[in-house]
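Written out below as structure tokens is the structure these notes cover.
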Amino acid sequence: MTVEAFAPAKINLTLHVTGQRADGYHLLDSLVVFADCGDRLTLASADDLTLRVTGPRAEGVPTDGRNLVLKAAALFGPGRGAAIALDKHLPAAAGIGGGSSDAAAALRGLAQLWGLALPDARAVLSLGADVPVCLAPRPLRMRGVGEDITEGPRLPAMGLVLVNPGVEVPTPAVFKALDRKDNPAMPHPPGWASAATMAHWLGTQRNDLEAPAMALAPVIGTVIGAIAATQGCLLARMSGSGATCFGIYESRTEAEAAATALSVANPGWWVAAAEPFTLKPARA
Ligand SMILES: C[C@](O)(CO)[C@H](O)COP(=O)(O)OP(=O)(O)OC[C@H]1O[C@@H](n2ccc(N)nc2=O)[C@H](O)[C@@H]1O
Ligand SMILES: Nc1ncnc2c1ncn2[C@@H]1O[C@H](COP(=O)(O)OP(=O)(O)OP(=O)(O)O)[C@@H](O)[C@H]1O
């Protein structure tokens, strides 16, 4: 038996840091959506558990027990076999949940392959704060340290552009560089009739990690400026702890034109055009 699992890029349209727990983890309030670009996992029945990493962004991704895919597999308990192939398209340590989305896709795929229930919520969270939100990709509001997930609004049609300038900004360093930990929460996202009204509302909200990430990697400011300057861009902002930034457009066609212009002007940057992605629930 072979199972395919898609690991879409995660985008934090907003990311409000509202407090800090005694253990150092931060309280978040974030509107999370997914893009239809991402990594692809193929999971096949096998006697032993193995992982092969290929694809344009495979370089530097661990293939041993440090890989979140193998950590995800370990949550089902020892002695289970699967031959896992991970086709890597997303840059790592980039604020778009590459590893977290891979882990979540591995959990979905292995549960199906092995005919098992998903591990419990606490175990899933132990893989990373972003893994719970990546389990069933769709527009979601994420609170707590990442474990409190509620439905987000229905999204209007839109195009998205993702841009990573090739600098890795480690998440702990960005949180450490954040001045204020007790920022205001996000109001209830109302739902929007168009990409323009959505972008206008998002423009009144924030990513509180943008300024500290920019202090560590000033090129993030250059990326946001370059996205904002493209034809038809309605909003440009950083995702997660960076350094990937996104732009919102009225349509995929506009996003594709902007992505082409950004790639031509900045050949060293990773650039992708996309639309929001929702995983269809598995048939019972
Ligand atoms: C910034 C976000 O990408 C927003 O979606 C996530 O909260 C980060 O998710 P992640 O990469 O899965 O995070 P983890 O691997 O659990 O944590 C990495 C590090 O980020 C910091 N961290 C993460 C999540 C959180 N709510 N508070 C934190 O302070 C901690 O220093 C932690 O050691
Ligand atoms: N499957 C994987 N893909 C990419 N990186 C992985 C994977 N498994 C483990 N890692 C390690 O995890 C680190 C963080 O990568 P990841 O892509 O999850 O970070 P991120 O984009 O900052 O995530 P987030 O948006 O959740 O903060 C990398 O430096 C890499 O060494």
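In the structure tokens, the first chain shown is A, the next is B, and so on; residue numbers restart at 1 for each chain, and ligands run from 1 in the order shown.
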Pick out the residues sitting within 10 Å of stretch 70-79 of chain A, and hand them over as a PyMOL selection string; count only C-alpha atoms, and ignore anything fewer than 5 positions along from it in its own chain.
-> chain A and resi 47-51+63-65+84+100+102-111+114+116-120+123-124+126-127+131
Could you give me, as a ChimeraX atom specification, each residue of stretch 16-249 of chain A that DSSP assigns to strand (DSSP E or B) when run on this structure's backbone?
-> /A:16-20,26-45,49-54,82-87,140-144,148-151,159-164,207,235-238,245-249
Run DSSP on the backbone and grab whatever in stretch 154-239 of chain A lands in alpha helix (DSSP H); send it over as a ChimeraX atom specification.
-> /A:171-176,195-203,210-216,219-228
Mind listing the residues within 9 Å of ligand 1, only C-alpha atoms and all ligand atoms counted, as a ChimeraX atom specification?
-> /A:10-12,15,17,20-21,23-28,30,32,93-100,125-133,142-147,170-176,209,239-242
A:Gln231 surroundings by only C-alpha atoms, 9 Å radius, close-in-sequence under 6 positions cut, as a PyMOL selection string | chain A and resi 249+254-255+257-258
For A:Pro156, which of A:Ile224, A:Ala195, A:Cys233, A:Leu135 is the closest residue, counting only C-alpha atoms?
-> A:Ala195
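For the atom pair formed by atom 2 (C, counted along the ligand's line) of ligand 2 and atom CA of A:Leu68, the distance is 5.5 Å, given to one decimal.
Going from atom CA of A:Ala243 over to atom CA of A:Asn266, you cover 15.3 Å.
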Mind giving me the straight-line distance from atom CA of A:Gly152 to atom CA of A:Asn207 in Å, one decimal?
->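 Atom CA of A:Asn207 lies 17.1 Å from atom CA of A:Gly152.
The nearest approach to A:Leu113 among the residues A:Ala261, A:Val3, A:Val161, A:Val223, with only C-alpha atoms taken into account, belongs to A:Val3.
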Which is closer to ligand 2 than all the others in A:Arg252, A:His16, A:Arg206, A:Arg52, using only C-alpha atoms and all ligand atoms?
->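 Of the candidates, the smallest distance to ligand 2 is held by A:Arg52.
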I'd like the neighbourhood of stretch 276-282 of chain A as a short mmCIF file (atom, residue, chain, number, x, y, z; two decimals) with all heavy atoms, in the first residue's frame, where a residue qualifies if any of its atoms comes within 10 Å (using only C-alpha atoms), though same-chain residues fewer than 3 positions away should be ignored.
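Saved to selection.cif:
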data_model
loop_
_atom_site.label_atom_id
_atom_site.label_comp_id
_atom_site.auth_asym_id
_atom_site.auth_seq_id
_atom_site.Cartn_x
_atom_site.Cartn_y
_atom_site.Cartn_z
N PHE A 6 0.34 15.62 1.19
CA PHE A 6 0.85 16.94 0.80
C PHE A 6 1.10 17.77 2.07
O PHE A 6 0.26 17.78 2.98
CB PHE A 6 -0.19 17.63 -0.10
CG PHE A 6 0.20 19.00 -0.57
CD1 PHE A 6 1.43 19.22 -1.19
CD2 PHE A 6 -0.67 20.07 -0.44
CE1 PHE A 6 1.79 20.48 -1.64
CE2 PHE A 6 -0.32 21.34 -0.88
CZ PHE A 6 0.92 21.54 -1.48
N ALA A 7 2.24 18.45 2.10
CA ALA A 7 2.60 19.30 3.25
C ALA A 7 2.66 20.75 2.77
O ALA A 7 3.71 21.23 2.32
CB ALA A 7 3.95 18.86 3.81
N PRO A 8 1.53 21.46 2.82
CA PRO A 8 1.49 22.82 2.26
C PRO A 8 2.26 23.82 3.12
O PRO A 8 2.42 23.63 4.33
CB PRO A 8 -0.01 23.15 2.28
CG PRO A 8 -0.56 22.35 3.40
CD PRO A 8 0.24 21.06 3.42
N ALA A 9 2.71 24.90 2.47
CA ALA A 9 3.34 26.00 3.22
C ALA A 9 2.30 26.63 4.14
O ALA A 9 1.16 26.84 3.75
CB ALA A 9 3.86 27.05 2.24
N LYS A 10 2.74 26.93 5.36
CA LYS A 10 1.89 27.64 6.33
C LYS A 10 2.19 29.12 6.26
O LYS A 10 3.36 29.51 6.19
CB LYS A 10 2.20 27.10 7.74
CG LYS A 10 1.65 27.94 8.87
CD LYS A 10 2.63 28.08 10.04
CE LYS A 10 3.80 29.00 9.76
NZ LYS A 10 4.62 29.38 10.93
N ILE A 11 1.15 29.95 6.27
CA ILE A 11 1.36 31.40 6.29
C ILE A 11 0.64 31.98 7.50
O ILE A 11 -0.56 31.76 7.68
CB ILE A 11 0.80 32.07 5.01
CG1 ILE A 11 1.45 31.45 3.76
CG2 ILE A 11 1.04 33.58 5.05
CD1 ILE A 11 0.85 31.96 2.46
N VAL A 33 -3.18 30.51 7.36
CA VAL A 33 -3.73 29.89 6.15
C VAL A 33 -2.62 29.06 5.51
O VAL A 33 -1.45 29.15 5.91
CB VAL A 33 -4.28 30.93 5.15
CG1 VAL A 33 -5.38 31.75 5.77
CG2 VAL A 33 -3.17 31.83 4.61
N PHE A 34 -3.00 28.27 4.54
CA PHE A 34 -2.03 27.41 3.85
C PHE A 34 -2.02 27.75 2.37
O PHE A 34 -3.03 28.22 1.82
CB PHE A 34 -2.37 25.94 4.11
CG PHE A 34 -2.16 25.58 5.55
CD1 PHE A 34 -3.15 25.84 6.50
CD2 PHE A 34 -0.96 25.06 5.98
CE1 PHE A 34 -2.95 25.57 7.85
CE2 PHE A 34 -0.73 24.80 7.33
CZ PHE A 34 -1.74 25.05 8.26
N ALA A 35 -0.89 27.48 1.71
CA ALA A 35 -0.75 27.78 0.29
C ALA A 35 -0.65 26.46 -0.49
O ALA A 35 -0.22 25.45 0.07
CB ALA A 35 0.52 28.61 0.07
N ASP A 36 -1.04 26.50 -1.76
CA ASP A 36 -1.01 25.26 -2.55
C ASP A 36 0.37 24.98 -3.13
O ASP A 36 0.50 24.35 -4.18
CB ASP A 36 -2.11 25.23 -3.62
CG ASP A 36 -1.94 26.32 -4.67
OD1 ASP A 36 -1.02 27.16 -4.54
OD2 ASP A 36 -2.73 26.35 -5.62
N CYS A 37 1.42 25.45 -2.46
CA CYS A 37 2.78 25.00 -2.78
C CYS A 37 3.33 24.36 -1.51
O CYS A 37 2.98 24.79 -0.41
CB CYS A 37 3.67 26.16 -3.23
SG CYS A 37 3.89 27.46 -2.02
N ARG A 108 -0.65 12.28 9.30
CA ARG A 108 -1.86 11.92 8.54
C ARG A 108 -1.62 10.67 7.70
O ARG A 108 -2.43 9.74 7.68
CB ARG A 108 -2.26 13.07 7.60
CG ARG A 108 -2.78 14.31 8.26
CD ARG A 108 -3.47 15.23 7.23
NE ARG A 108 -2.61 15.66 6.13
CZ ARG A 108 -1.84 16.73 6.13
NH1 ARG A 108 -1.81 17.52 7.20
NH2 ARG A 108 -1.11 17.05 5.08
N GLN A 112 -3.03 6.66 8.19
CA GLN A 112 -3.78 5.97 7.12
C GLN A 112 -3.09 4.64 6.74
O GLN A 112 -3.74 3.60 6.64
CB GLN A 112 -3.87 6.90 5.91
CG GLN A 112 -4.89 6.45 4.88
CD GLN A 112 -4.88 7.36 3.65
OE1 GLN A 112 -4.49 8.53 3.73
NE2 GLN A 112 -5.29 6.82 2.52
N LEU A 135 -2.11 20.07 11.05
CA LEU A 135 -2.71 18.73 10.92
C LEU A 135 -3.85 18.67 9.92
O LEU A 135 -4.00 17.69 9.21
CB LEU A 135 -3.24 18.28 12.29
CG LEU A 135 -2.38 17.33 13.10
CD1 LEU A 135 -3.14 16.86 14.33
CD2 LEU A 135 -1.86 16.16 12.29
N ALA A 136 -4.70 19.70 9.90
CA ALA A 136 -5.82 19.72 8.94
C ALA A 136 -5.82 21.09 8.26
O ALA A 136 -6.57 21.99 8.63
CB ALA A 136 -7.14 19.48 9.67
N PRO A 137 -4.95 21.26 7.25
CA PRO A 137 -4.72 22.59 6.67
C PRO A 137 -5.98 23.25 6.10
O PRO A 137 -6.63 22.71 5.21
CB PRO A 137 -3.69 22.31 5.56
CG PRO A 137 -3.04 21.03 5.95
CD PRO A 137 -4.09 20.23 6.65
N ARG A 138 -6.30 24.41 6.63
CA ARG A 138 -7.42 25.26 6.19
C ARG A 138 -7.28 26.56 6.97
O ARG A 138 -6.44 26.63 7.88
CB ARG A 138 -8.76 24.58 6.45
CG ARG A 138 -9.04 24.26 7.92
CD ARG A 138 -10.36 23.51 8.06
NE ARG A 138 -10.75 23.36 9.47
CZ ARG A 138 -10.30 22.42 10.28
NH1 ARG A 138 -9.41 21.53 9.86
NH2 ARG A 138 -10.71 22.37 11.54
N PRO A 139 -8.08 27.60 6.67
CA PRO A 139 -7.93 28.84 7.45
C PRO A 139 -8.29 28.59 8.92
O PRO A 139 -9.39 28.10 9.22
CB PRO A 139 -8.94 29.78 6.78
CG PRO A 139 -9.13 29.23 5.41
CD PRO A 139 -9.03 27.75 5.56
N LEU A 155 -12.24 32.28 3.12
CA LEU A 155 -11.41 33.27 2.43
C LEU A 155 -12.00 33.63 1.07
O LEU A 155 -12.55 32.77 0.38
CB LEU A 155 -10.00 32.71 2.21
CG LEU A 155 -9.18 32.39 3.45
CD1 LEU A 155 -7.80 31.90 3.04
CD2 LEU A 155 -9.04 33.61 4.36
N PRO A 156 -11.88 34.90 0.67
CA PRO A 156 -12.24 35.28 -0.71
C PRO A 156 -11.20 34.73 -1.68
O PRO A 156 -10.12 34.31 -1.27
CB PRO A 156 -12.19 36.81 -0.66
CG PRO A 156 -11.22 37.13 0.42
CD PRO A 156 -11.33 36.03 1.44
N ALA A 157 -11.51 34.75 -2.98
CA ALA A 157 -10.51 34.36 -3.99
C ALA A 157 -9.33 35.33 -3.90
O ALA A 157 -9.53 36.53 -3.67
CB ALA A 157 -11.12 34.43 -5.38
N MET A 158 -8.12 34.82 -4.08
CA MET A 158 -6.94 35.69 -4.02
C MET A 158 -5.73 34.97 -4.60
O MET A 158 -5.76 33.75 -4.79
CB MET A 158 -6.63 36.09 -2.57
CG MET A 158 -6.01 34.98 -1.76
SD MET A 158 -5.75 35.44 -0.06
CE MET A 158 -7.39 35.19 0.56
N GLY A 159 -4.68 35.73 -4.86
CA GLY A 159 -3.40 35.16 -5.22
C GLY A 159 -2.40 35.48 -4.12
O GLY A 159 -2.54 36.48 -3.41
N LEU A 160 -1.39 34.62 -3.98
CA LEU A 160 -0.37 34.80 -2.95
C LEU A 160 1.01 34.68 -3.58
O LEU A 160 1.19 33.91 -4.52
CB LEU A 160 -0.49 33.70 -1.88
CG LEU A 160 -1.78 33.66 -1.07
CD1 LEU A 160 -1.92 32.30 -0.37
CD2 LEU A 160 -1.77 34.79 -0.04
N ARG A 252 -4.67 34.86 -8.83
CA ARG A 252 -3.46 34.07 -9.04
C ARG A 252 -2.65 34.62 -10.22
O ARG A 252 -1.42 34.63 -10.20
CB ARG A 252 -3.81 32.61 -9.27
CG ARG A 252 -2.56 31.78 -9.39
CD ARG A 252 -2.83 30.30 -9.41
NE ARG A 252 -1.56 29.61 -9.22
CZ ARG A 252 -1.32 28.72 -8.29
NH1 ARG A 252 -2.26 28.34 -7.47
NH2 ARG A 252 -0.13 28.16 -8.18
#
